[in-house]
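> File follows, upload_21.txt with compact mmCIF, C-alpha atoms and all ligand atoms:
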# COMPACT_ATOMS: atom_id res chain seq x y z
CA MET P 109 15.34 -6.67 -20.86
CA VAL P 110 16.15 -5.32 -17.45
CA VAL P 111 19.79 -5.51 -16.51
CA ASN P 112 21.97 -3.69 -14.05
CA GLY P 113 21.84 -0.43 -15.89
CA ALA P 114 19.50 1.09 -18.42
CA VAL P 115 16.13 -0.42 -19.17
CA ASN P 116 15.61 -0.88 -22.89
CA GLY P 117 12.83 1.38 -24.05
CA SER P 118 12.28 3.44 -27.12
CA SER P 119 14.80 5.94 -28.32
CA GLY P 120 14.27 9.48 -27.28
CA SER P 121 12.64 12.63 -28.48
CA SER P 122 13.03 15.97 -26.69
CA PRO P 123 11.46 16.30 -23.25
CA SER P 124 8.08 18.01 -23.18
CA ARG P 125 7.58 21.51 -21.81
CA ALA P 126 5.85 20.03 -18.74
CA ALA P 127 8.82 17.74 -18.27
CA LEU P 128 11.23 20.64 -18.30
CA ALA P 129 9.11 22.47 -15.75
CA ASN P 130 9.18 19.56 -13.34
CA GLY P 131 12.10 17.26 -13.85
CA SER P 132 14.74 19.80 -14.64
CA SER P 133 15.85 23.03 -13.12
CA GLY P 134 14.78 24.87 -16.29
CA SER P 135 18.09 25.75 -17.80
CA GLY P 136 19.93 22.85 -16.14
CA PRO P 137 20.01 19.14 -16.85
CA THR P 138 17.22 16.70 -16.09
CA ARG P 139 17.14 15.79 -12.41
CA THR P 140 17.99 12.25 -11.42
CA VAL P 141 16.15 10.50 -8.63
CA LEU P 142 17.17 7.22 -7.01
CA VAL P 143 14.06 5.17 -6.25
CA THR P 144 14.58 2.32 -3.78
CA GLY P 145 11.81 -0.28 -3.97
CA GLY P 146 10.80 1.10 -7.36
CA ALA P 147 9.70 -2.32 -8.65
CA GLY P 148 7.04 -2.59 -5.93
CA TYR P 149 3.39 -1.65 -5.94
CA ILE P 150 3.60 2.04 -5.04
CA GLY P 151 7.15 2.49 -6.35
CA SER P 152 6.33 1.30 -9.89
CA HIS P 153 3.43 3.76 -10.17
CA ALA P 154 5.57 6.57 -8.76
CA VAL P 155 8.44 5.84 -11.17
CA LEU P 156 6.04 6.08 -14.11
CA GLN P 157 4.74 9.45 -12.87
CA LEU P 158 8.30 10.68 -12.29
CA LEU P 159 9.30 9.78 -15.83
CA ALA P 160 6.17 11.46 -17.20
CA ALA P 161 7.08 14.57 -15.19
CA GLY P 162 10.51 14.66 -16.84
CA PHE P 163 12.73 13.17 -14.12
CA ARG P 164 15.36 10.55 -14.70
CA ALA P 165 14.73 7.54 -12.41
CA VAL P 166 17.23 4.94 -11.26
CA VAL P 167 15.46 2.05 -9.53
CA VAL P 168 17.17 -0.18 -7.00
CA ASP P 169 15.17 -3.15 -5.76
CA SER P 170 16.10 -6.60 -4.48
CA LEU P 171 12.89 -7.98 -6.08
CA GLU P 172 12.19 -9.53 -2.67
CA ASN P 173 8.50 -8.73 -3.04
CA SER P 174 8.21 -7.72 -6.68
CA SER P 175 8.93 -8.68 -10.25
CA ASP P 176 11.28 -7.14 -12.80
CA LEU P 177 8.30 -7.35 -15.16
CA ALA P 178 6.85 -4.37 -13.28
CA VAL P 179 9.91 -2.32 -14.25
CA ARG P 180 9.71 -3.48 -17.86
CA ARG P 181 6.05 -2.53 -17.99
CA VAL P 182 6.84 0.89 -16.53
CA ALA P 183 9.38 1.29 -19.35
CA ALA P 184 6.81 0.25 -21.94
CA LEU P 185 4.14 2.58 -20.55
CA ALA P 186 6.62 5.46 -20.34
CA GLY P 187 7.16 5.51 -24.12
CA ASP P 188 9.95 7.93 -25.02
CA HIS P 189 10.63 8.65 -21.36
CA ALA P 190 11.87 5.07 -20.91
CA ARG P 191 15.30 6.28 -21.95
CA ASN P 192 15.39 8.01 -18.55
CA LEU P 193 14.89 4.77 -16.60
CA ALA P 194 17.55 2.43 -15.21
CA PHE P 195 17.30 -0.56 -12.91
CA HIS P 196 19.77 -2.22 -10.52
CA LYS P 197 18.95 -5.41 -8.65
CA VAL P 198 20.36 -4.36 -5.29
CA ASP P 199 19.52 -5.13 -1.69
CA ILE P 200 19.79 -1.88 0.26
CA ARG P 201 21.21 -3.83 3.21
CA ASP P 202 24.30 -4.31 1.05
CA GLU P 203 26.18 -1.04 1.60
CA ASP P 204 28.89 -1.83 -0.96
CA ALA P 205 26.31 -2.46 -3.67
CA LEU P 206 24.59 0.84 -2.84
CA GLU P 207 27.96 2.57 -2.93
CA THR P 208 28.54 1.20 -6.44
CA VAL P 209 25.19 2.62 -7.59
CA PHE P 210 26.02 6.04 -6.11
CA ALA P 211 29.47 5.96 -7.70
CA SER P 212 27.87 5.39 -11.12
CA SER P 213 25.47 8.35 -11.07
CA ARG P 214 24.90 11.68 -9.34
CA PHE P 215 21.53 11.74 -7.60
CA ASP P 216 19.63 14.94 -6.95
CA ALA P 217 17.24 13.19 -4.54
CA VAL P 218 16.15 9.79 -3.28
CA ILE P 219 12.66 8.35 -2.84
CA HIS P 220 12.92 5.48 -0.38
CA PHE P 221 10.12 2.90 -0.77
CA ALA P 222 12.18 -0.26 -0.19
CA GLY P 223 11.17 -2.28 2.81
CA LEU P 224 8.90 -4.98 4.13
CA LYS P 225 5.30 -4.07 4.90
CA ALA P 226 3.27 -7.01 6.23
CA VAL P 227 2.08 -6.19 9.75
CA GLY P 228 1.39 -9.81 10.77
CA GLU P 229 4.75 -11.03 9.49
CA SER P 230 6.48 -8.22 11.38
CA VAL P 231 5.04 -9.62 14.62
CA GLN P 232 6.39 -13.10 13.77
CA LYS P 233 9.75 -11.94 12.41
CA PRO P 234 10.62 -8.60 14.00
CA LEU P 235 14.36 -8.89 13.35
CA LEU P 236 13.75 -9.36 9.65
CA TYR P 237 11.72 -6.14 9.65
CA TYR P 238 14.34 -4.20 11.61
CA ASP P 239 16.97 -5.55 9.24
CA HIS P 240 15.28 -4.43 6.00
CA ASN P 241 13.54 -1.31 7.22
CA ILE P 242 16.08 0.09 9.68
CA LEU P 243 19.46 -1.31 8.64
CA GLY P 244 18.53 -0.73 4.98
CA THR P 245 17.55 2.88 5.73
CA ILE P 246 20.74 3.54 7.73
CA ASN P 247 22.87 2.18 4.87
CA LEU P 248 21.04 4.36 2.40
CA LEU P 249 21.42 7.50 4.53
CA LYS P 250 25.13 6.81 5.08
CA VAL P 251 25.80 6.43 1.36
CA MET P 252 23.65 9.48 0.55
CA ALA P 253 25.60 11.58 3.06
CA ALA P 254 28.93 10.33 1.71
CA HIS P 255 27.90 11.46 -1.78
CA GLY P 256 26.42 14.78 -0.68
CA CYS P 257 22.88 13.77 -1.67
CA LYS P 258 20.71 15.25 1.10
CA LYS P 259 17.19 15.31 -0.30
CA LEU P 260 14.95 12.44 0.70
CA VAL P 261 11.30 11.43 0.39
CA PHE P 262 10.61 8.57 2.81
CA SER P 263 7.68 6.10 2.67
CA SER P 264 6.23 6.24 6.13
CA SER P 265 2.79 5.01 7.09
CA ALA P 266 -0.36 5.86 9.00
CA ALA P 267 0.75 2.85 11.09
CA VAL P 268 2.93 5.30 13.06
CA TYR P 269 -0.26 6.69 14.65
CA GLY P 270 -1.46 3.32 16.00
CA SER P 271 -5.19 3.61 16.76
CA PRO P 272 -5.97 7.28 17.37
CA LYS P 273 -9.19 7.99 19.27
CA ASN P 274 -10.33 10.61 16.76
CA SER P 275 -10.18 11.25 13.03
CA PRO P 276 -9.28 13.20 10.97
CA CYS P 277 -5.82 12.29 12.15
CA THR P 278 -3.36 15.14 11.71
CA GLU P 279 0.42 15.06 11.63
CA GLU P 280 0.58 16.31 15.24
CA PHE P 281 -1.22 13.25 16.65
CA PRO P 282 0.82 11.09 19.07
CA LEU P 283 3.04 8.51 17.41
CA THR P 284 2.26 5.19 19.08
CA PRO P 285 2.58 2.33 16.60
CA HIS P 286 1.11 -1.03 17.64
CA ASN P 287 3.40 -3.48 15.91
CA PRO P 288 7.03 -3.97 14.81
CA TYR P 289 6.25 -2.81 11.26
CA GLY P 290 4.84 0.49 12.52
CA ARG P 291 7.77 0.85 14.92
CA THR P 292 10.27 0.43 12.06
CA LYS P 293 8.54 3.33 10.31
CA LEU P 294 8.61 5.48 13.45
CA ILE P 295 12.28 4.66 14.13
CA ALA P 296 13.20 5.50 10.53
CA GLU P 297 11.33 8.80 10.91
CA GLU P 298 13.23 9.52 14.15
CA ILE P 299 16.54 8.77 12.44
CA CYS P 300 15.59 11.26 9.72
CA ARG P 301 14.70 13.91 12.33
CA ASP P 302 18.04 13.34 14.10
CA ILE P 303 19.99 13.58 10.87
CA TYR P 304 18.34 16.88 10.05
CA ARG P 305 19.09 18.19 13.56
CA SER P 306 22.74 17.26 13.07
CA ASP P 307 23.03 18.80 9.60
CA SER P 308 20.52 21.38 8.40
CA GLU P 309 21.48 20.84 4.76
CA TRP P 310 19.20 17.78 4.75
CA ARG P 311 15.72 18.26 3.29
CA ILE P 312 13.47 15.35 4.16
CA ILE P 313 9.79 14.69 3.55
CA LEU P 314 8.15 11.86 5.48
CA LEU P 315 5.02 10.74 3.63
CA ARG P 316 2.54 8.92 5.86
CA TYR P 317 0.36 6.91 3.51
CA PHE P 318 -3.13 5.88 4.53
CA ASN P 319 -4.62 2.90 2.59
CA PRO P 320 -3.26 2.69 -0.96
CA VAL P 321 -5.50 0.77 -3.37
CA GLY P 322 -6.27 0.70 -7.09
CA ALA P 323 -3.92 0.27 -10.01
CA HIS P 324 -2.69 1.99 -13.14
CA PRO P 325 -5.70 2.54 -15.45
CA SER P 326 -3.90 0.66 -18.26
CA GLY P 327 -4.26 -2.54 -16.21
CA TYR P 328 -0.53 -3.28 -16.60
CA LEU P 329 0.67 -2.22 -13.13
CA GLY P 330 -0.90 -3.14 -9.82
CA GLU P 331 -0.46 -4.79 -6.47
CA ASP P 332 0.78 -8.38 -6.47
CA PRO P 333 1.23 -9.57 -2.90
CA ARG P 334 3.10 -12.82 -2.29
CA GLY P 335 1.19 -15.40 -0.24
CA THR P 336 -2.01 -14.56 1.60
CA PRO P 337 -2.80 -10.85 1.31
CA ASN P 338 -2.77 -8.91 4.59
CA ASN P 339 -4.83 -6.02 3.37
CA LEU P 340 -8.50 -5.88 2.55
CA MET P 341 -8.53 -4.93 -1.14
CA PRO P 342 -5.93 -7.41 -2.44
CA PHE P 343 -7.96 -10.06 -0.61
CA VAL P 344 -11.22 -8.86 -2.20
CA GLN P 345 -9.50 -8.87 -5.59
CA GLN P 346 -8.38 -12.49 -5.17
CA VAL P 347 -11.92 -13.52 -4.24
CA ALA P 348 -13.26 -11.75 -7.34
CA VAL P 349 -10.94 -13.72 -9.65
CA GLY P 350 -11.80 -17.01 -7.95
CA ARG P 351 -8.55 -17.57 -6.06
CA ARG P 352 -10.26 -17.48 -2.64
CA PRO P 353 -13.81 -18.33 -1.62
CA SER P 354 -14.75 -15.40 0.61
CA VAL P 355 -13.62 -12.35 2.54
CA THR P 356 -13.82 -12.36 6.32
CA ILE P 357 -14.95 -9.04 7.76
CA PHE P 358 -12.95 -8.33 10.87
CA GLY P 359 -15.82 -7.24 13.12
CA ASN P 360 -19.22 -5.72 12.35
CA ASN P 361 -19.96 -4.30 15.79
CA TYR P 362 -17.85 -1.13 15.71
CA ALA P 363 -19.52 2.20 16.45
CA THR P 364 -19.48 3.13 12.76
CA LYS P 365 -22.20 3.72 10.15
CA ASP P 366 -22.60 -0.01 9.36
CA GLY P 367 -20.57 -1.58 12.17
CA THR P 368 -17.46 -2.27 10.05
CA GLY P 369 -14.07 -0.55 10.30
CA VAL P 370 -13.53 2.77 8.54
CA ARG P 371 -10.36 3.66 6.63
CA ASP P 372 -9.05 6.27 4.21
CA TYR P 373 -8.51 4.49 0.88
CA ILE P 374 -6.36 6.40 -1.59
CA HIS P 375 -5.80 5.67 -5.27
CA VAL P 376 -2.20 4.64 -5.93
CA LEU P 377 -2.06 7.21 -8.77
CA ASP P 378 -2.87 10.00 -6.32
CA LEU P 379 -0.20 8.63 -4.01
CA ALA P 380 2.30 8.57 -6.86
CA ASP P 381 1.46 12.21 -7.65
CA GLY P 382 2.08 13.02 -3.99
CA HIS P 383 5.71 11.95 -4.48
CA VAL P 384 6.14 14.26 -7.45
CA ALA P 385 4.67 17.07 -5.32
CA ALA P 386 7.07 16.21 -2.49
CA LEU P 387 10.05 16.30 -4.85
CA ARG P 388 8.97 19.70 -6.15
CA LYS P 389 8.90 20.93 -2.56
CA LEU P 390 12.40 19.56 -1.93
CA PHE P 391 13.71 21.28 -5.05
CA ASP P 392 11.96 24.56 -4.26
CA SER P 393 14.83 26.61 -2.88
CA SER P 394 12.41 29.23 -1.49
CA SER P 395 10.95 26.73 1.01
CA ASN P 396 12.49 25.85 4.37
CA ILE P 397 11.54 22.24 4.45
CA GLY P 398 13.80 20.71 7.15
CA CYS P 399 12.35 17.30 8.03
CA GLU P 400 8.55 17.34 7.73
CA PRO P 401 5.80 14.72 7.86
CA TYR P 402 2.77 14.85 5.56
CA ASN P 403 -0.29 12.62 5.52
CA LEU P 404 -1.29 11.31 2.10
CA GLY P 405 -4.95 10.33 2.20
CA THR P 406 -8.24 11.58 0.82
CA GLY P 407 -9.61 12.82 4.15
CA LYS P 408 -12.69 10.60 3.66
CA GLY P 409 -13.63 7.57 5.71
CA THR P 410 -15.05 4.48 3.96
CA SER P 411 -16.30 1.35 5.73
CA VAL P 412 -15.37 -2.21 4.78
CA LEU P 413 -18.90 -2.83 3.51
CA GLU P 414 -18.90 0.37 1.45
CA ILE P 415 -15.68 -0.44 -0.38
CA VAL P 416 -16.63 -4.09 -0.93
CA ASN P 417 -19.96 -2.91 -2.39
CA ALA P 418 -18.12 -0.46 -4.66
CA PHE P 419 -15.86 -3.29 -5.83
CA GLU P 420 -18.86 -5.54 -6.52
CA LYS P 421 -20.36 -2.78 -8.68
CA ALA P 422 -17.10 -2.18 -10.55
CA SER P 423 -16.45 -5.87 -11.21
CA GLY P 424 -19.97 -7.25 -11.54
CA LYS P 425 -18.78 -10.03 -9.20
CA LYS P 426 -20.46 -11.09 -5.98
CA ILE P 427 -17.98 -11.11 -3.10
CA PRO P 428 -19.10 -13.66 -0.48
CA LEU P 429 -18.62 -12.24 3.03
CA VAL P 430 -18.13 -14.00 6.34
CA ILE P 431 -18.43 -12.03 9.57
CA GLY P 432 -15.42 -12.73 11.79
CA GLN P 433 -13.85 -11.46 14.98
CA ARG P 434 -12.24 -8.06 15.30
CA ARG P 435 -8.56 -8.10 14.36
CA PRO P 436 -6.46 -7.32 17.45
CA GLY P 437 -5.02 -3.80 17.38
CA ASP P 438 -7.35 -2.56 14.63
CA ALA P 439 -8.51 1.04 14.81
CA GLU P 440 -12.26 1.57 14.61
CA VAL P 441 -12.06 4.65 12.39
CA LEU P 442 -8.93 6.11 10.83
CA PHE P 443 -8.81 8.75 8.14
CA ALA P 444 -6.35 11.48 7.33
CA GLY P 445 -6.29 15.15 7.98
CA THR P 446 -5.07 16.34 4.58
CA GLY P 447 -4.85 20.10 5.11
CA LYS P 448 -1.08 20.23 5.58
CA ALA P 449 -0.34 18.37 2.32
CA GLU P 450 -2.89 20.51 0.47
CA ARG P 451 -1.43 23.78 1.77
CA GLU P 452 2.27 22.99 1.70
CA LEU P 453 2.67 20.41 -1.07
CA HIS P 454 -0.17 21.80 -3.19
CA TRP P 455 -1.38 18.24 -3.57
CA LYS P 456 -4.88 16.83 -3.13
CA ALA P 457 -6.24 13.38 -3.97
CA LYS P 458 -8.43 13.43 -7.09
CA TYR P 459 -9.94 9.96 -7.18
CA GLY P 460 -12.76 8.34 -5.21
CA ILE P 461 -13.53 4.72 -4.39
CA THR P 462 -15.40 4.22 -7.69
CA GLU P 463 -12.22 4.89 -9.70
CA MET P 464 -10.10 2.93 -7.22
CA CYS P 465 -12.31 -0.15 -7.60
CA ARG P 466 -12.64 0.25 -11.38
CA ASP P 467 -8.87 0.37 -11.87
CA GLN P 468 -8.18 -2.40 -9.36
CA TRP P 469 -10.66 -4.68 -11.16
CA ASN P 470 -9.15 -3.81 -14.55
CA TRP P 471 -5.72 -4.90 -13.22
CA ALA P 472 -7.14 -8.00 -11.49
CA SER P 473 -9.10 -9.19 -14.50
CA LYS P 474 -6.10 -8.76 -16.83
CA ASN P 475 -3.65 -10.25 -14.32
CA PRO P 476 -5.54 -12.66 -12.05
CA TYR P 477 -2.23 -14.07 -10.79
CA GLY P 478 -0.47 -10.72 -10.73
CA TYR P 479 2.79 -10.51 -12.67
CA ALA P 480 2.88 -14.32 -12.75
CA SER P 481 -0.30 -14.49 -14.83
CA PRO P 482 0.02 -16.86 -17.81
CA ASP P 483 -0.30 -14.14 -20.46
CA SER P 484 2.10 -11.75 -18.71
CA THR P 485 5.01 -12.40 -21.06
CA LYS P 486 2.96 -11.25 -24.04
CA GLN P 487 2.75 -7.83 -22.46
CA ASN P 488 6.48 -7.69 -21.84
CA GLY P 489 7.66 -4.44 -23.30
CA SER P 490 5.00 -4.28 -26.01
CA ILE P 491 2.19 -2.30 -24.49
CA SER P 492 -0.03 -0.47 -26.92
CA HIS P 493 -1.23 2.99 -25.96
P1 LIG I 501 5.99 -3.46 -2.07
O1 LIG I 501 6.37 -4.65 -1.25
O2 LIG I 501 5.17 -3.70 -3.28
O3 LIG I 501 7.29 -2.63 -2.48
C1 LIG I 501 8.43 -2.60 -1.68
C2 LIG I 501 9.61 -2.93 -2.56
O4 LIG I 501 10.80 -2.93 -1.77
C3 LIG I 501 9.50 -4.33 -3.19
O5 LIG I 501 9.68 -4.21 -4.58
C4 LIG I 501 10.62 -5.11 -2.54
O6 LIG I 501 11.17 -6.09 -3.43
C5 LIG I 501 11.60 -4.03 -2.18
N1 LIG I 501 12.49 -4.35 -1.06
C6 LIG I 501 12.16 -4.86 0.15
N2 LIG I 501 13.26 -4.98 0.91
C7 LIG I 501 14.30 -4.53 0.15
C8 LIG I 501 15.69 -4.40 0.38
N3 LIG I 501 16.26 -4.78 1.53
N4 LIG I 501 16.47 -3.90 -0.61
C9 LIG I 501 15.93 -3.53 -1.80
N5 LIG I 501 14.61 -3.65 -2.07
C10 LIG I 501 13.82 -4.14 -1.09
O7 LIG I 501 5.26 -2.45 -1.08
P2 LIG I 501 4.49 -1.09 -1.41
O8 LIG I 501 3.07 -1.28 -1.04
O9 LIG I 501 4.85 -0.60 -2.74
O10 LIG I 501 5.13 -0.16 -0.27
C11 LIG I 501 6.21 0.73 -0.54
C12 LIG I 501 6.58 1.43 0.75
O11 LIG I 501 5.44 2.10 1.26
C13 LIG I 501 7.04 0.48 1.85
O12 LIG I 501 8.09 1.10 2.55
C14 LIG I 501 5.81 0.34 2.73
O13 LIG I 501 6.15 0.06 4.06
C15 LIG I 501 5.20 1.73 2.60
N6 LIG I 501 3.75 1.74 2.85
C16 LIG I 501 2.93 0.90 2.16
C17 LIG I 501 1.57 0.89 2.43
C18 LIG I 501 0.64 -0.06 1.72
O14 LIG I 501 -0.46 -0.33 2.23
N7 LIG I 501 0.97 -0.56 0.53
C19 LIG I 501 1.04 1.75 3.41
C20 LIG I 501 1.91 2.62 4.07
C21 LIG I 501 3.26 2.59 3.79
N1 LIG I 502 -10.31 -6.01 6.93
C1 LIG I 502 -11.27 -7.01 6.89
N2 LIG I 502 -10.94 -8.20 6.33
C2 LIG I 502 -9.71 -8.47 5.81
C3 LIG I 502 -8.73 -7.45 5.84
C4 LIG I 502 -9.07 -6.22 6.42
O1 LIG I 502 -12.40 -6.80 7.35
O2 LIG I 502 -9.47 -9.59 5.32
C5 LIG I 502 -10.66 -4.69 7.46
C6 LIG I 502 -9.77 -4.21 8.60
O3 LIG I 502 -10.29 -4.66 9.86
C7 LIG I 502 -9.85 -2.69 8.44
C8 LIG I 502 -9.98 -2.51 6.91
O4 LIG I 502 -10.48 -3.77 6.43
O5 LIG I 502 -11.03 -2.18 9.04
C9 LIG I 502 -8.66 -2.19 6.22
O6 LIG I 502 -7.71 -3.17 6.62
P1 LIG I 502 -6.25 -3.22 5.97
O7 LIG I 502 -5.52 -4.36 6.60
O8 LIG I 502 -6.39 -3.22 4.48
O9 LIG I 502 -5.61 -1.81 6.37
P2 LIG I 502 -5.20 -1.24 7.82
O10 LIG I 502 -6.06 -1.90 8.86
O11 LIG I 502 -3.76 -1.54 7.98
O12 LIG I 502 -5.48 0.21 7.73
How does this structure look as structure tokens?


Amino acid sequence: MVVNGAVNGSSGSSPSRAALANGSSGSGPTRTVLVTGGAGYIGSHAVLQLLAAGFRAVVVDSLENSSDLAVRRVAALAGDHARNLAFHKVDIRDEDALETVFASSRFDAVIHFAGLKAVGESVQKPLLYYDHNILGTINLLKVMAAHGCKKLVFSSSAAVYGSPKNSPCTEEFPLTPHNPYGRTKLIAEEICRDIYRSDSEWRIILLRYFNPVGAHPSGYLGEDPRGTPNNLMPFVQQVAVGRRPSVTIFGNNYATKDGTGVRDYIHVLDLADGHVAALRKLFDSSSNIGCEPYNLGTGKGTSVLEIVNAFEKASGKKIPLVIGQRRPGDAEVLFAGTGKAERELHWKAKYGITEMCRDQWNWASKNPYGYASPDSTKQNGSISH
């Protein structure tokens, strides 16, 4: 069961050598990381990688867009490391509740995933987005500062770039987001830059994700959007399992190889590893990190038709396609310049679209209705390895 506190897992054995190298300072105790939004799609994968790397992880999540089953499955997949996982159902807009969590544990760093992410909804409900993504971030930073915790990895987005004219898009490109969601990410980044300018003890890494897709290869963790998916691959996945009849392609007359939009899809496992790499950088006392942005992408552009074809191959399912209008504000081509992350974080994406589609289909076929799938409860806490 998940309660406010430790997640029941198996009892412990000693941490592995790799764990000591990563999650602890060597001779010192295991490092503890607060993970906001750790029950969500990217957060759950990152928490599992953190535990495997020997960190202790305390998840806070309001479960606004996620299920506590994701946390229980992380615990089950983590095996012995589950003893290093705790969960608190907390809304980060509630400063007192955050204060209680910080009073109960000393955190060496925070990874801040919590927030709302649907671009279309952010246009309809901008105040809701500013409330979660900005007010929530300000609360978190205030409580961190009050407790002397000044190491942060923040989930930013390629949305901060808007629609750049050229790709690869590097971290120096102009920051001109097109919608309230992207603006919340830019404002949160600016707040982080201002905080660092005011107090150079802060060490902050802003991770600008490109297009996260895929799932944990076990098939037990994956993306489970509420309502109609906004993004391409969750939509494709729902068509493949029979929940929707077809995918509409948003324009096939772009100046690209096949006329459809090009993006940089990145496996969620690679993204999760990027967070471990970012933490290592924050804990590396020989590096002057300050407040730095890094793109997390593969550096490769893939068209809508290419990734849908790859998914058809992986799943053996035909995905009916309808050609529709361009989506307003969409970039024609957007992929990441990855050199800075490779050089400075020593991180590089390992997986291609074949693995992304294979793992996404494995998750979709085992959990056609996400964490609400009928057989989900059978997998509660009893995952075989
Ligand atoms: P997600 O919705 O699966 O996870 C976000 C988590 O935050 C959810 O579990 C949700 O319940 C929680 N949450 C939301 N508001 C909260 C609040 N006020 N207090 C506590 N918890 C709250 O989304 P994700 O895809 O895992 O994204 C994680 C982060 O990465 C988000 O900040 C998102 O903006 C950013 N990001 C995502 C993508 C993407 O395509 N998935 C791309 C770029 C950036
Ligand atoms: N797309 C599409 N149909 C959909 C959703 C998305 O053709 O139902 C296209 C979209 O125009 C873009 C690509 O797929 O070229 C990725 O879109 P997504 O919303 O997943 O990511 P983003 O545009 O935010 O990078």

> May I ask which of the residues P:Val412, P:Ile150, P:Val155, P:Leu260 is the closest one to ligand LIG 501 (chain I), counting all atoms listed in the file?

P:Ile150

> Have a look at P:Ala418, P:Val355, P:Gly367, P:Glu400 and name the one nearest to Glu297 in chain P; count only C-alpha atoms.

P:Glu400

> Hey, which residues come within 7 Å of ligand LIG 501 (chain I) if we count all atoms listed in the file? Could you give them as a ChimeraX atom specification?

/P:144-151,168-174,198-201,221-225,240,244,263-266,316-320,331

> Give the answer as one residue: which of P:Leu404, P:Ile357, P:Ala386, P:Ile374 has the shortest atom-to-atom distance to ligand LIG 502 (chain I), using only C-alpha atoms and all ligand atoms?

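Of P:Leu404, P:Ile357, P:Ala386, P:Ile374, the one nearest ligand LIG 502 (chain I), counting only C-alpha atoms and all ligand atoms, is P:Ile357.
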
> Could you pull out the residues sitting within 7 Å of ligand LIG 502 (chain I), using only C-alpha atoms and all ligand atoms, and write them as a list in words?

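Sorted by chain and then by number, the residues are Phe318, Asn319, Asn338, Asn339, Leu340, Met341, Phe343, Val355, Thr356, Ile357, Phe358, Gly359, Thr368, Gly369, Val370, Arg371, Val412, Arg434, Arg435, Asp438 and Glu440 of chain P.
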
> My list of candidates is P:Ile313, P:Leu453, P:Val268, P:Cys300. Which is closest to Pro285 in chain P when distances are computed with all atoms listed in the file?

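With all atoms listed in the file as the atom set, the closest residue is P:Val268.
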
> The residues within 10 Å of (28.2, 4.3, 0.0), using only C-alpha atoms and the coordinates of the file, should be reported as a short mmCIF file (atom, residue, chain, number, x, y, z; two decimals) with C-alpha atoms, keeping the file's coordinate frame; which are they?


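Contents of part.cif, freshly written:
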data_model
loop_
_atom_site.label_atom_id
_atom_site.label_comp_id
_atom_site.auth_asym_id
_atom_site.auth_seq_id
_atom_site.Cartn_x
_atom_site.Cartn_y
_atom_site.Cartn_z
CA ASP P 202 24.30 -4.31 1.05
CA GLU P 203 26.18 -1.04 1.60
CA ASP P 204 28.89 -1.83 -0.96
CA ALA P 205 26.31 -2.46 -3.67
CA LEU P 206 24.59 0.84 -2.84
CA GLU P 207 27.96 2.57 -2.93
CA THR P 208 28.54 1.20 -6.44
CA VAL P 209 25.19 2.62 -7.59
CA PHE P 210 26.02 6.04 -6.11
CA ALA P 211 29.47 5.96 -7.70
CA ASN P 247 22.87 2.18 4.87
CA LEU P 248 21.04 4.36 2.40
CA LEU P 249 21.42 7.50 4.53
CA LYS P 250 25.13 6.81 5.08
CA VAL P 251 25.80 6.43 1.36
CA MET P 252 23.65 9.48 0.55
CA ALA P 253 25.60 11.58 3.06
CA ALA P 254 28.93 10.33 1.71
CA HIS P 255 27.90 11.46 -1.78
#

> Taking (-6.6, -8.9, -7.1) in the file's coordinates as the center, which residues reach within 6 Å of it, counting all atoms listed in the file, put as a ChimeraX atom specification?

/P:342,345-346,472

> What's the 10 Å shell around Asp467 in chain P, counting all atoms listed in the file, without same-chain residues fewer than 3 positions away, as a PyMOL selection string?

chain P and resi 321-327+329-330+375-376+419+422-423+461-464+470-473

> My list of candidates is P:Thr446, P:Trp455, P:Gly460, P:Pro436. Which is closest to Ile415 in chain P when distances are computed with all atoms listed in the file?

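With all atoms listed in the file as the atom set, the closest residue is P:Gly460.
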
> From the options P:Ser308, P:Leu387, P:Glu229, P:Ile303, which residue's atoms come nearest to Val143 in chain P, counting only C-alpha atoms?

P:Leu387

> Contacts of His454 in chain P at 12 Å or less, counting only C-alpha atoms, minus same-chain residues fewer than 2 places along, as a PyMOL selection string?

chain P and resi 381-389+402+404+446-452+456-457

> Just the number, please: distance in Å from CA of Cys465 in chain P to CA of Tyr479 in chain P, one decimal.

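Computing it gives 19.0 Å between the two atoms.
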
> Calculate how many Å separate CA of Gly270 in chain P from CA of Gly398 in chain P, rounding to one decimal.

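That distance, rounded to one decimal, is 24.8 Å.
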
> Quick one, how far is CA of Arg139 in chain P from CA of His220 in chain P?

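CA of His220 in chain P lies 16.4 Å from CA of Arg139 in chain P.
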
> Need to verify the contact set: Asn274 in chain P, 8 Å, all atoms listed in the file, exclusion of same-chain residues closer than 2 positions in sequence. Can you return it as number ranges by chain?

P: 272, 276-277, 441-442
